[in-house]
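Reproduced below: work.pdb, with PDB, C-alpha atoms, pLDDT in the B column.
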```
ATOM      1  CA  MET A 384       7.546  21.160 -52.577  1.00 47.00           C
ATOM      2  CA  PRO A 385       3.913  22.094 -51.699  1.00 50.00           C
ATOM      3  CA  LEU A 386       3.113  23.110 -48.153  1.00 51.00           C
ATOM      4  CA  LEU A 387       1.594  20.236 -46.198  1.00 61.00           C
ATOM      5  CA  THR A 388      -1.929  20.847 -44.959  1.00 65.00           C
ATOM      6  CA  LEU A 389      -4.503  18.671 -43.249  1.00 63.00           C
ATOM      7  CA  GLU A 390      -5.852  17.854 -46.699  1.00 69.00           C
ATOM      8  CA  ASN A 391      -2.591  16.655 -48.236  1.00 78.00           C
ATOM      9  CA  ASP A 392      -0.510  15.431 -45.303  1.00 93.00           C
ATOM     10  CA  PRO A 393      -0.370  11.650 -45.907  1.00 95.00           C
ATOM     11  CA  GLU A 394       0.325  10.893 -42.236  1.00 96.00           C
ATOM     12  CA  TYR A 395      -2.822  12.667 -41.100  1.00 97.00           C
ATOM     13  CA  ILE A 396      -4.913  11.119 -43.859  1.00 96.00           C
ATOM     14  CA  ASN A 397      -3.683   7.598 -43.078  1.00 97.00           C
ATOM     15  CA  LEU A 398      -4.100   7.988 -39.325  1.00 98.00           C
ATOM     16  CA  GLN A 399      -7.569   9.472 -39.688  1.00 98.00           C
ATOM     17  CA  THR A 400      -8.493   6.656 -42.079  1.00 98.00           C
ATOM     18  CA  GLU A 401      -7.391   4.177 -39.405  1.00 98.00           C
ATOM     19  CA  LEU A 402      -9.527   6.024 -36.849  1.00 98.00           C
ATOM     20  CA  VAL A 403     -12.550   5.738 -39.148  1.00 98.00           C
ATOM     21  CA  THR A 404     -11.900   1.989 -39.476  1.00 98.00           C
ATOM     22  CA  MET A 405     -11.534   1.692 -35.708  1.00 98.00           C
ATOM     23  CA  GLN A 406     -14.752   3.597 -35.103  1.00 98.00           C
ATOM     24  CA  ARG A 407     -16.685   1.427 -37.551  1.00 98.00           C
ATOM     25  CA  TRP A 408     -15.489  -1.693 -35.700  1.00 98.00           C
ATOM     26  CA  ILE A 409     -16.474  -0.185 -32.347  1.00 98.00           C
ATOM     27  CA  GLN A 410     -19.941   0.592 -33.690  1.00 98.00           C
ATOM     28  CA  GLU A 411     -20.444  -2.831 -35.288  1.00 98.00           C
ATOM     29  CA  HIS A 412     -19.327  -4.700 -32.153  1.00 98.00           C
ATOM     30  CA  ASN A 413     -20.946  -2.426 -29.538  1.00 98.00           C
ATOM     31  CA  LYS A 414     -17.622  -1.637 -27.914  1.00 98.00           C
ATOM     32  CA  ARG A 415     -17.130   1.355 -25.617  1.00 98.00           C
ATOM     33  CA  LEU A 416     -14.035   3.549 -25.641  1.00 98.00           C
ATOM     34  CA  VAL A 417     -13.107   6.534 -23.455  1.00 98.00           C
ATOM     35  CA  VAL A 418     -10.094   8.722 -24.227  1.00 99.00           C
ATOM     36  CA  LEU A 419      -9.068  11.268 -21.593  1.00 98.00           C
ATOM     37  CA  PHE A 420      -7.133  14.327 -22.759  1.00 98.00           C
ATOM     38  CA  GLU A 421      -5.321  15.926 -19.846  1.00 98.00           C
ATOM     39  CA  GLY A 422      -2.401  18.305 -19.483  1.00 97.00           C
ATOM     40  CA  ARG A 423      -1.430  21.805 -18.489  1.00 94.00           C
ATOM     41  CA  ASP A 424      -3.276  24.786 -19.914  1.00 90.00           C
ATOM     42  CA  THR A 425      -2.354  25.380 -23.586  1.00 92.00           C
ATOM     43  CA  ALA A 426      -0.840  21.867 -23.841  1.00 95.00           C
ATOM     44  CA  GLY A 427      -2.875  21.105 -26.978  1.00 95.00           C
ATOM     45  CA  LYS A 428      -5.715  18.927 -25.715  1.00 96.00           C
ATOM     46  CA  GLY A 429      -8.478  20.594 -27.708  1.00 95.00           C
ATOM     47  CA  GLY A 430      -6.474  20.760 -30.908  1.00 95.00           C
ATOM     48  CA  ALA A 431      -5.598  17.073 -30.631  1.00 98.00           C
ATOM     49  CA  ILE A 432      -9.256  16.142 -30.185  1.00 98.00           C
ATOM     50  CA  MET A 433     -10.142  18.112 -33.322  1.00 97.00           C
ATOM     51  CA  ARG A 434      -7.667  16.006 -35.308  1.00 97.00           C
ATOM     52  CA  PHE A 435      -9.026  12.775 -33.854  1.00 98.00           C
ATOM     53  CA  VAL A 436     -12.662  13.470 -34.733  1.00 98.00           C
ATOM     54  CA  ARG A 437     -12.250  15.267 -38.071  1.00 97.00           C
ATOM     55  CA  PHE A 438     -13.584  12.424 -40.216  1.00 98.00           C
ATOM     56  CA  LEU A 439     -15.390  10.331 -37.631  1.00 98.00           C
ATOM     57  CA  ASN A 440     -19.108   9.634 -37.861  1.00 98.00           C
ATOM     58  CA  PRO A 441     -20.685  12.188 -35.483  1.00 97.00           C
ATOM     59  CA  ARG A 442     -23.344   9.635 -34.518  1.00 97.00           C
ATOM     60  CA  GLY A 443     -20.645   7.434 -33.011  1.00 98.00           C
ATOM     61  CA  TYR A 444     -18.681   9.790 -30.809  1.00 98.00           C
ATOM     62  CA  ARG A 445     -19.062  12.699 -28.394  1.00 98.00           C
ATOM     63  CA  VAL A 446     -16.613  15.318 -27.125  1.00 98.00           C
ATOM     64  CA  VAL A 447     -17.229  16.093 -23.458  1.00 98.00           C
ATOM     65  CA  ALA A 448     -15.874  19.334 -21.989  1.00 97.00           C
ATOM     66  CA  LEU A 449     -17.852  19.973 -18.834  1.00 97.00           C
ATOM     67  CA  PRO A 450     -18.161  23.496 -17.374  1.00 93.00           C
ATOM     68  CA  LYS A 451     -17.586  24.180 -13.698  1.00 92.00           C
ATOM     69  CA  PRO A 452     -20.095  22.283 -11.547  1.00 95.00           C
ATOM     70  CA  THR A 453     -23.423  23.833 -10.611  1.00 95.00           C
ATOM     71  CA  GLU A 454     -24.466  24.232  -6.993  1.00 95.00           C
ATOM     72  CA  THR A 455     -26.521  21.043  -7.324  1.00 97.00           C
ATOM     73  CA  GLU A 456     -23.589  19.126  -8.785  1.00 97.00           C
ATOM     74  CA  LYS A 457     -21.321  20.334  -5.980  1.00 95.00           C
ATOM     75  CA  GLY A 458     -23.565  18.428  -3.574  1.00 96.00           C
ATOM     76  CA  GLN A 459     -23.440  15.204  -5.600  1.00 97.00           C
ATOM     77  CA  TRP A 460     -20.863  12.434  -5.540  1.00 98.00           C
ATOM     78  CA  TYR A 461     -17.897  13.908  -7.387  1.00 98.00           C
ATOM     79  CA  PHE A 462     -17.882  11.344 -10.203  1.00 98.00           C
ATOM     80  CA  GLN A 463     -21.639  11.518 -10.814  1.00 98.00           C
ATOM     81  CA  ARG A 464     -21.677  14.138 -13.558  1.00 98.00           C
ATOM     82  CA  TYR A 465     -18.858  12.371 -15.402  1.00 98.00           C
ATOM     83  CA  LEU A 466     -20.497   8.940 -15.225  1.00 98.00           C
ATOM     84  CA  LYS A 467     -23.524  10.365 -17.037  1.00 97.00           C
ATOM     85  CA  GLU A 468     -21.240  11.012 -20.014  1.00 98.00           C
ATOM     86  CA  LEU A 469     -19.825   7.479 -20.334  1.00 98.00           C
ATOM     87  CA  PRO A 470     -20.205   5.817 -23.742  1.00 98.00           C
ATOM     88  CA  ASN A 471     -23.199   3.854 -24.880  1.00 98.00           C
ATOM     89  CA  PRO A 472     -22.542   0.622 -26.802  1.00 98.00           C
ATOM     90  CA  GLY A 473     -20.780   1.446 -30.058  1.00 98.00           C
ATOM     91  CA  GLU A 474     -19.641   4.887 -28.923  1.00 98.00           C
ATOM     92  CA  ILE A 475     -16.371   6.748 -28.319  1.00 98.00           C
ATOM     93  CA  ILE A 476     -16.165   9.540 -25.748  1.00 98.00           C
ATOM     94  CA  PHE A 477     -13.359  12.101 -25.858  1.00 98.00           C
ATOM     95  CA  PHE A 478     -13.012  13.961 -22.549  1.00 98.00           C
ATOM     96  CA  ASP A 479     -11.427  17.413 -22.884  1.00 98.00           C
ATOM     97  CA  ARG A 480     -10.402  17.365 -19.221  1.00 97.00           C
ATOM     98  CA  SER A 481     -12.094  14.772 -17.071  1.00 98.00           C
ATOM     99  CA  TRP A 482     -12.548  13.655 -13.478  1.00 98.00           C
ATOM    100  CA  TYR A 483      -8.806  14.221 -13.141  1.00 98.00           C
ATOM    101  CA  ASN A 484      -9.529  17.919 -12.623  1.00 97.00           C
ATOM    102  CA  ARG A 485      -9.662  16.934  -8.970  1.00 98.00           C
ATOM    103  CA  ALA A 486      -6.168  15.456  -9.123  1.00 98.00           C
ATOM    104  CA  VAL A 487      -4.345  18.574 -10.336  1.00 97.00           C
ATOM    105  CA  VAL A 488      -6.303  21.735 -11.192  1.00 96.00           C
ATOM    106  CA  GLU A 489      -8.663  21.759  -8.217  1.00 97.00           C
ATOM    107  CA  PRO A 490      -6.093  21.301  -5.422  1.00 97.00           C
ATOM    108  CA  VAL A 491      -3.663  23.762  -7.035  1.00 96.00           C
ATOM    109  CA  MET A 492      -6.345  26.422  -7.455  1.00 94.00           C
ATOM    110  CA  GLY A 493      -8.035  25.764  -4.110  1.00 95.00           C
ATOM    111  CA  PHE A 494     -11.255  24.514  -5.726  1.00 95.00           C
ATOM    112  CA  CYS A 495     -11.463  21.443  -3.459  1.00 97.00           C
ATOM    113  CA  SER A 496     -10.623  20.589   0.138  1.00 97.00           C
ATOM    114  CA  GLU A 497      -7.804  18.292   1.254  1.00 98.00           C
ATOM    115  CA  LYS A 498     -10.437  15.729   2.262  1.00 98.00           C
ATOM    116  CA  GLU A 499     -12.121  15.861  -1.151  1.00 98.00           C
ATOM    117  CA  TYR A 500      -8.748  15.423  -2.822  1.00 98.00           C
ATOM    118  CA  SER A 501      -7.885  12.467  -0.583  1.00 98.00           C
ATOM    119  CA  VAL A 502     -11.242  10.773  -1.187  1.00 98.00           C
ATOM    120  CA  PHE A 503     -10.778  11.188  -4.945  1.00 98.00           C
ATOM    121  CA  LEU A 504      -7.410   9.438  -4.879  1.00 98.00           C
ATOM    122  CA  LYS A 505      -8.922   6.651  -2.785  1.00 98.00           C
ATOM    123  CA  GLN A 506     -11.840   6.063  -5.166  1.00 98.00           C
ATOM    124  CA  VAL A 507     -10.608   6.765  -8.684  1.00 98.00           C
ATOM    125  CA  ASN A 508      -8.633   3.553  -9.257  1.00 98.00           C
ATOM    126  CA  GLN A 509     -11.501   1.459  -7.922  1.00 98.00           C
ATOM    127  CA  LEU A 510     -13.933   3.252 -10.205  1.00 98.00           C
ATOM    128  CA  GLU A 511     -11.779   2.817 -13.301  1.00 98.00           C
ATOM    129  CA  GLU A 512     -11.293  -0.863 -12.510  1.00 98.00           C
ATOM    130  CA  MET A 513     -15.078  -1.344 -12.289  1.00 98.00           C
ATOM    131  CA  LEU A 514     -15.507   0.367 -15.658  1.00 98.00           C
ATOM    132  CA  PHE A 515     -12.787  -1.848 -17.111  1.00 98.00           C
ATOM    133  CA  GLU A 516     -14.487  -4.979 -15.786  1.00 98.00           C
ATOM    134  CA  ASP A 517     -17.726  -3.803 -17.375  1.00 98.00           C
ATOM    135  CA  GLY A 518     -16.013  -3.604 -20.769  1.00 98.00           C
ATOM    136  CA  ILE A 519     -15.180   0.097 -21.066  1.00 98.00           C
ATOM    137  CA  GLN A 520     -11.684   0.718 -22.398  1.00 98.00           C
ATOM    138  CA  ILE A 521     -10.089   3.880 -20.971  1.00 98.00           C
ATOM    139  CA  VAL A 522      -7.013   5.573 -22.435  1.00 98.00           C
ATOM    140  CA  LYS A 523      -5.423   8.330 -20.327  1.00 98.00           C
ATOM    141  CA  LEU A 524      -3.329  10.853 -22.279  1.00 98.00           C
ATOM    142  CA  TRP A 525      -1.275  13.614 -20.654  1.00 98.00           C
ATOM    143  CA  PHE A 526       0.053  16.298 -23.016  1.00 98.00           C
ATOM    144  CA  SER A 527       3.294  17.725 -21.641  1.00 97.00           C
ATOM    145  CA  ILE A 528       4.879  21.072 -22.558  1.00 97.00           C
ATOM    146  CA  ASP A 529       7.716  23.063 -21.031  1.00 96.00           C
ATOM    147  CA  VAL A 530       7.355  26.351 -19.203  1.00 95.00           C
ATOM    148  CA  ASP A 531       8.641  28.542 -22.060  1.00 95.00           C
ATOM    149  CA  GLU A 532       6.323  26.935 -24.590  1.00 95.00           C
ATOM    150  CA  GLN A 533       3.355  27.499 -22.297  1.00 94.00           C
ATOM    151  CA  LYS A 534       4.338  31.140 -21.873  1.00 91.00           C
ATOM    152  CA  ASN A 535       4.437  31.606 -25.657  1.00 92.00           C
ATOM    153  CA  ARG A 536       1.045  29.964 -26.108  1.00 90.00           C
ATOM    154  CA  LEU A 537      -0.531  32.057 -23.358  1.00 89.00           C
ATOM    155  CA  GLU A 538       0.750  35.204 -25.050  1.00 86.00           C
ATOM    156  CA  GLU A 539      -0.738  33.974 -28.311  1.00 85.00           C
ATOM    157  CA  ARG A 540      -4.117  33.556 -26.619  1.00 81.00           C
ATOM    158  CA  LYS A 541      -3.950  37.083 -25.235  1.00 76.00           C
ATOM    159  CA  THR A 542      -3.183  38.701 -28.593  1.00 80.00           C
ATOM    160  CA  ASN A 543      -5.065  36.524 -31.083  1.00 78.00           C
ATOM    161  CA  PRO A 544      -8.759  37.551 -31.202  1.00 70.00           C
ATOM    162  CA  LEU A 545      -9.668  34.082 -32.476  1.00 66.00           C
ATOM    163  CA  MET A 546      -8.181  32.486 -29.371  1.00 70.00           C
ATOM    164  CA  GLN A 547      -9.035  34.927 -26.582  1.00 66.00           C
ATOM    165  CA  TRP A 548     -12.123  32.900 -25.653  1.00 66.00           C
ATOM    166  CA  LYS A 549      -9.761  30.191 -24.435  1.00 68.00           C
ATOM    167  CA  LEU A 550      -8.326  32.356 -21.662  1.00 70.00           C
ATOM    168  CA  SER A 551      -9.578  31.506 -18.192  1.00 70.00           C
ATOM    169  CA  THR A 552      -8.794  32.268 -14.565  1.00 69.00           C
ATOM    170  CA  VAL A 553      -6.769  29.071 -14.398  1.00 73.00           C
ATOM    171  CA  ASP A 554      -4.829  30.052 -17.532  1.00 72.00           C
ATOM    172  CA  MET A 555      -3.792  33.329 -15.939  1.00 72.00           C
ATOM    173  CA  GLN A 556      -2.330  31.431 -12.945  1.00 82.00           C
ATOM    174  CA  ALA A 557      -0.617  28.698 -14.982  1.00 84.00           C
ATOM    175  CA  GLN A 558       2.833  30.267 -15.044  1.00 90.00           C
ATOM    176  CA  LEU A 559       2.754  31.527 -11.452  1.00 89.00           C
ATOM    177  CA  LYS A 560       1.745  28.097 -10.165  1.00 94.00           C
ATOM    178  CA  TRP A 561       3.912  26.029 -12.522  1.00 95.00           C
ATOM    179  CA  ASN A 562       5.730  24.208  -9.707  1.00 96.00           C
ATOM    180  CA  ASP A 563       2.476  23.470  -7.853  1.00 96.00           C
ATOM    181  CA  PHE A 564       0.990  21.958 -11.004  1.00 96.00           C
ATOM    182  CA  THR A 565       4.141  19.852 -11.395  1.00 97.00           C
ATOM    183  CA  LEU A 566       3.904  18.584  -7.818  1.00 98.00           C
ATOM    184  CA  TYR A 567       0.273  17.476  -8.131  1.00 98.00           C
ATOM    185  CA  LYS A 568       0.828  16.051 -11.610  1.00 98.00           C
ATOM    186  CA  GLU A 569       3.548  13.778 -10.250  1.00 98.00           C
ATOM    187  CA  LYS A 570       1.343  12.756  -7.324  1.00 98.00           C
ATOM    188  CA  MET A 571      -1.413  11.902  -9.800  1.00 98.00           C
ATOM    189  CA  PHE A 572       0.882   9.783 -11.938  1.00 98.00           C
ATOM    190  CA  GLU A 573       2.217   7.929  -8.920  1.00 98.00           C
ATOM    191  CA  SER A 574      -1.217   7.265  -7.406  1.00 98.00           C
ATOM    192  CA  THR A 575      -3.379   6.597 -10.476  1.00 98.00           C
ATOM    193  CA  SER A 576      -1.197   5.045 -13.176  1.00 98.00           C
ATOM    194  CA  THR A 577      -2.205   1.376 -13.025  1.00 98.00           C
ATOM    195  CA  GLU A 578      -1.623  -1.757 -15.071  1.00 97.00           C
ATOM    196  CA  ASN A 579      -4.961  -1.507 -16.875  1.00 97.00           C
ATOM    197  CA  HIS A 580      -5.009   2.298 -16.995  1.00 98.00           C
ATOM    198  CA  PRO A 581      -1.471   3.693 -17.266  1.00 98.00           C
ATOM    199  CA  TRP A 582      -0.819   7.367 -17.824  1.00 98.00           C
ATOM    200  CA  VAL A 583       0.524   8.015 -21.311  1.00 98.00           C
ATOM    201  CA  VAL A 584       2.771  11.090 -21.454  1.00 98.00           C
ATOM    202  CA  ILE A 585       3.030  12.845 -24.818  1.00 98.00           C
ATOM    203  CA  LYS A 586       5.664  15.504 -25.425  1.00 98.00           C
ATOM    204  CA  GLY A 587       3.590  18.350 -26.796  1.00 96.00           C
ATOM    205  CA  ASN A 588       5.932  21.209 -27.687  1.00 97.00           C
ATOM    206  CA  ASP A 589       5.520  20.284 -31.359  1.00 97.00           C
ATOM    207  CA  ARG A 590       1.753  20.288 -31.836  1.00 96.00           C
ATOM    208  CA  ASP A 591       1.619  18.274 -35.051  1.00 97.00           C
ATOM    209  CA  VAL A 592       3.976  15.576 -33.816  1.00 98.00           C
ATOM    210  CA  ALA A 593       2.080  15.291 -30.528  1.00 98.00           C
ATOM    211  CA  ARG A 594      -1.276  14.923 -32.283  1.00 98.00           C
ATOM    212  CA  LYS A 595      -0.036  12.258 -34.673  1.00 98.00           C
ATOM    213  CA  GLU A 596       1.707  10.255 -31.970  1.00 98.00           C
ATOM    214  CA  ALA A 597      -1.375  10.455 -29.743  1.00 98.00           C
ATOM    215  CA  MET A 598      -3.424   9.013 -32.608  1.00 98.00           C
ATOM    216  CA  ARG A 599      -0.877   6.262 -33.081  1.00 98.00           C
ATOM    217  CA  TYR A 600      -0.962   5.343 -29.426  1.00 98.00           C
ATOM    218  CA  VAL A 601      -4.752   5.025 -29.294  1.00 98.00           C
ATOM    219  CA  LEU A 602      -4.776   3.015 -32.518  1.00 98.00           C
ATOM    220  CA  SER A 603      -2.032   0.759 -31.156  1.00 98.00           C
ATOM    221  CA  VAL A 604      -3.956  -0.198 -27.991  1.00 98.00           C
ATOM    222  CA  VAL A 605      -7.390  -0.751 -29.531  1.00 98.00           C
ATOM    223  CA  GLU A 606      -7.751  -4.090 -31.298  1.00 96.00           C
ATOM    224  CA  TYR A 607      -9.978  -3.666 -34.351  1.00 98.00           C
ATOM    225  CA  GLU A 608     -10.544  -5.468 -37.632  1.00 97.00           C
ATOM    226  CA  GLY A 609      -8.774  -3.998 -40.649  1.00 97.00           C
ATOM    227  CA  LYS A 610      -5.985  -2.549 -38.534  1.00 97.00           C
ATOM    228  CA  GLY A 611      -2.955  -1.305 -40.450  1.00 97.00           C
ATOM    229  CA  LEU A 612      -4.390  -1.614 -43.969  1.00 96.00           C
ATOM    230  CA  THR A 613      -3.247   1.931 -44.766  1.00 97.00           C
ATOM    231  CA  GLY A 614       0.356   0.879 -44.250  1.00 97.00           C
ATOM    232  CA  GLU A 615       0.870   3.726 -41.804  1.00 97.00           C
ATOM    233  CA  ARG A 616       3.127   3.249 -38.772  1.00 97.00           C
ATOM    234  CA  LEU A 617       0.820   2.682 -35.818  1.00 97.00           C
ATOM    235  CA  MET A 618       3.330   2.137 -33.035  1.00 97.00           C
ATOM    236  CA  PRO A 619       4.105   5.518 -31.436  1.00 97.00           C
ATOM    237  CA  ASN A 620       7.544   7.072 -31.332  1.00 98.00           C
ATOM    238  CA  ARG A 621       8.877   6.283 -27.865  1.00 96.00           C
ATOM    239  CA  GLU A 622      10.865   9.518 -27.864  1.00 97.00           C
ATOM    240  CA  VAL A 623       7.530  11.364 -27.912  1.00 98.00           C
ATOM    241  CA  VAL A 624       5.193   8.929 -26.162  1.00 98.00           C
ATOM    242  CA  SER A 625       6.020   7.164 -22.909  1.00 98.00           C
ATOM    243  CA  LEU A 626       4.172   5.267 -20.209  1.00 97.00           C
ATOM    244  CA  TYR A 627       4.555   6.579 -16.699  1.00 93.00           C
TER
END
```
Show me this structure written as structure tokens.
Amino acid sequence: MPLLTLENDPEYINLQTELVTMQRWIQEHNKRLVVLFEGRDTAGKGGAIMRFVRFLNPRGYRVVALPKPTETEKGQWYFQRYLKELPNPGEIIFFDRSWYNRAVVEPVMGFCSEKEYSVFLKQVNQLEEMLFEDGIQIVKLWFSIDVDEQKNRLEERKTNPLMQWKLSTVDMQAQLKWNDFTLYKEKMFESTSTENHPWVVIKGNDRDVARKEAMRYVLSVVEYEGKGLTGERLMPNREVVSLY
């Protein structure tokens, strides 16, 4: 039996074909879609995004991975630099980390004050509801891995020269602050998982399974013409994907 690759794995091909069909519908009908990829360091956010966009029309999507804020941005309303990246009509935006940095990473690492954290939690649901009312569909994905899997992936980043660029100050603290990240993650779920914008938790220890099920979830919640013509299963596996 030949080894499955991205080129000959029928699941990937079918799911990516569905994504192309979905994108074409979004472009033709001037829809706007935002997909947030969140999770612990090494959870697989970037790799999942690469699978999502592999065959998409680059004129119809953008991947947004913002660096740390500048001094000017630090003096702005927190959401301001993210709002500038929202989709135009007919566009999909994939956020590789998003405004939810302030919900988990920033308080754990001491990058924001308690007041800034509190104000964020007070405003974020209102903001997302306004975007929803304006016609922007937001999907919030959280990739979940266990502590041993994260440790293995961090070691891989340290030793693999092709991956060392991924290491950051936050990465180096990920294991030491595991329980703190867990505490703020649960607070985020409890405070910001709403009827229109629930948190979608994806078990990510198996990278390929997580990527495919994430694709299925997004495809399942976006209504587009030509859906399901590939015959591929589009409803996600509930043992891998769950709503908070």
| task | Pull out every residue that the PyMOL selection byres ((chain A and resi 474-484) around 6) matches in the shown coordinates and put them as a list of chain:residue names. | result | A:Arg415, A:Leu416, A:Val417, A:Val418, A:Leu419, A:Phe420, A:Glu421, A:Gly443, A:Tyr444, A:Arg445, A:Val446, A:Val447, A:Ala448, A:Pro470, A:Asn471, A:Pro472, A:Gly473, A:Arg485, A:Ala486, A:Val487, A:Val488, A:Glu489
Requested write-out: C-alpha atoms of the selected residues, as a PDB file, in the frame of the given file:
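Result file follows (part.pdb):
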```pdb
ATOM      1  CA  ARG A 415     -17.130   1.355 -25.617  1.00 98.00           C
ATOM      2  CA  LEU A 416     -14.035   3.549 -25.641  1.00 98.00           C
ATOM      3  CA  VAL A 417     -13.107   6.534 -23.455  1.00 98.00           C
ATOM      4  CA  VAL A 418     -10.094   8.722 -24.227  1.00 99.00           C
ATOM      5  CA  LEU A 419      -9.068  11.268 -21.593  1.00 98.00           C
ATOM      6  CA  PHE A 420      -7.133  14.327 -22.759  1.00 98.00           C
ATOM      7  CA  GLU A 421      -5.321  15.926 -19.846  1.00 98.00           C
ATOM      8  CA  GLY A 443     -20.645   7.434 -33.011  1.00 98.00           C
ATOM      9  CA  TYR A 444     -18.681   9.790 -30.809  1.00 98.00           C
ATOM     10  CA  ARG A 445     -19.062  12.699 -28.394  1.00 98.00           C
ATOM     11  CA  VAL A 446     -16.613  15.318 -27.125  1.00 98.00           C
ATOM     12  CA  VAL A 447     -17.229  16.093 -23.458  1.00 98.00           C
ATOM     13  CA  ALA A 448     -15.874  19.334 -21.989  1.00 97.00           C
ATOM     14  CA  PRO A 470     -20.205   5.817 -23.742  1.00 98.00           C
ATOM     15  CA  ASN A 471     -23.199   3.854 -24.880  1.00 98.00           C
ATOM     16  CA  PRO A 472     -22.542   0.622 -26.802  1.00 98.00           C
ATOM     17  CA  GLY A 473     -20.780   1.446 -30.058  1.00 98.00           C
ATOM     18  CA  ARG A 485      -9.662  16.934  -8.970  1.00 98.00           C
ATOM     19  CA  ALA A 486      -6.168  15.456  -9.123  1.00 98.00           C
ATOM     20  CA  VAL A 487      -4.345  18.574 -10.336  1.00 97.00           C
ATOM     21  CA  VAL A 488      -6.303  21.735 -11.192  1.00 96.00           C
ATOM     22  CA  GLU A 489      -8.663  21.759  -8.217  1.00 97.00           C
TER      23      GLU A 489
END
```
| task | Could you pull out every residue with an atom within 10 Å of (1.8, 17.7, -22.0), file coordinates, counting only C-alpha atoms, and send them as a list in words? | result |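 Within the cut-off we find Phe420, Glu421, Gly422, Arg423, Asp424, Thr425, Ala426, Gly427, Lys428, Leu524, Trp525, Phe526, Ser527, Ile528, Asp529, Gln533, Val583, Val584, Ile585, Lys586, Gly587, Asn588 and Ala593 of chain A.
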| request: Quick one: residues within 10 Å of (-8.0, 3.8, -40.2) (file frame), counting all atoms listed in the file, please, as a ChimeraX atom specification. | output: /A:396-407,602,607-615,617
| message | For a test of reading the model, state the distance in Å between atom CA of A:Gly518 and atom CA of A:Pro441, rounded to one decimal. | response | 22.1 Å
| Given the choices A:Lys498, A:His412, A:Arg590, A:Lys568, which gets closest to A:Ala431 if the distance is worked out from only C-alpha atoms? |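 For A:Ala431, the nearest of the candidates is A:Arg590.
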| task | Write out as an NGL selection string which residues come within 12 Å of A:Asp554 when counting all atoms listed in the file, dropping same-chain ones fewer than 5 positions away. | result | :A and (423-426 or 488 or 492 or 533-534 or 536-538 or 540-541 or 547-549 or 559-561 or 564)
Mind dumping the selected residues with C-alpha atoms as a PDB file, in the frame of the given file?
```pdb
ATOM      1  CA  ARG A 423      -1.430  21.805 -18.489  1.00 94.00           C
ATOM      2  CA  ASP A 424      -3.276  24.786 -19.914  1.00 90.00           C
ATOM      3  CA  THR A 425      -2.354  25.380 -23.586  1.00 92.00           C
ATOM      4  CA  ALA A 426      -0.840  21.867 -23.841  1.00 95.00           C
ATOM      5  CA  VAL A 488      -6.303  21.735 -11.192  1.00 96.00           C
ATOM      6  CA  MET A 492      -6.345  26.422  -7.455  1.00 94.00           C
ATOM      7  CA  GLN A 533       3.355  27.499 -22.297  1.00 94.00           C
ATOM      8  CA  LYS A 534       4.338  31.140 -21.873  1.00 91.00           C
ATOM      9  CA  ARG A 536       1.045  29.964 -26.108  1.00 90.00           C
ATOM     10  CA  LEU A 537      -0.531  32.057 -23.358  1.00 89.00           C
ATOM     11  CA  GLU A 538       0.750  35.204 -25.050  1.00 86.00           C
ATOM     12  CA  ARG A 540      -4.117  33.556 -26.619  1.00 81.00           C
ATOM     13  CA  LYS A 541      -3.950  37.083 -25.235  1.00 76.00           C
ATOM     14  CA  GLN A 547      -9.035  34.927 -26.582  1.00 66.00           C
ATOM     15  CA  TRP A 548     -12.123  32.900 -25.653  1.00 66.00           C
ATOM     16  CA  LYS A 549      -9.761  30.191 -24.435  1.00 68.00           C
ATOM     17  CA  LEU A 559       2.754  31.527 -11.452  1.00 89.00           C
ATOM     18  CA  LYS A 560       1.745  28.097 -10.165  1.00 94.00           C
ATOM     19  CA  TRP A 561       3.912  26.029 -12.522  1.00 95.00           C
ATOM     20  CA  PHE A 564       0.990  21.958 -11.004  1.00 96.00           C
TER      21      PHE A 564
END
```
| query | Between A:Ala597, A:Leu504, A:Met513, A:Val623, which is the closest to A:Lys570 once you count only C-alpha atoms? | reply | A:Leu504
| What is the distance between atom CA of A:Gln558 and atom CA of A:Val530, in Å to one decimal? | 7.3 Å
| query | With only C-alpha atoms as the atoms that count, which of A:Thr455, A:Asn440, A:Ser501, A:Asn620 lies nearest to A:Arg594? | reply |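 Between A:Thr455, A:Asn440, A:Ser501, A:Asn620, the residue approaching A:Arg594 most closely is A:Asn620.
Take atom CA of A:Val491 and atom CA of A:Glu596: the distance between them is 28.9 Å.
Nearest to A:Met433 of all the residues A:Asp591, A:Glu578, A:Glu499, A:Glu411 is A:Asp591, counting all atoms listed in the file.
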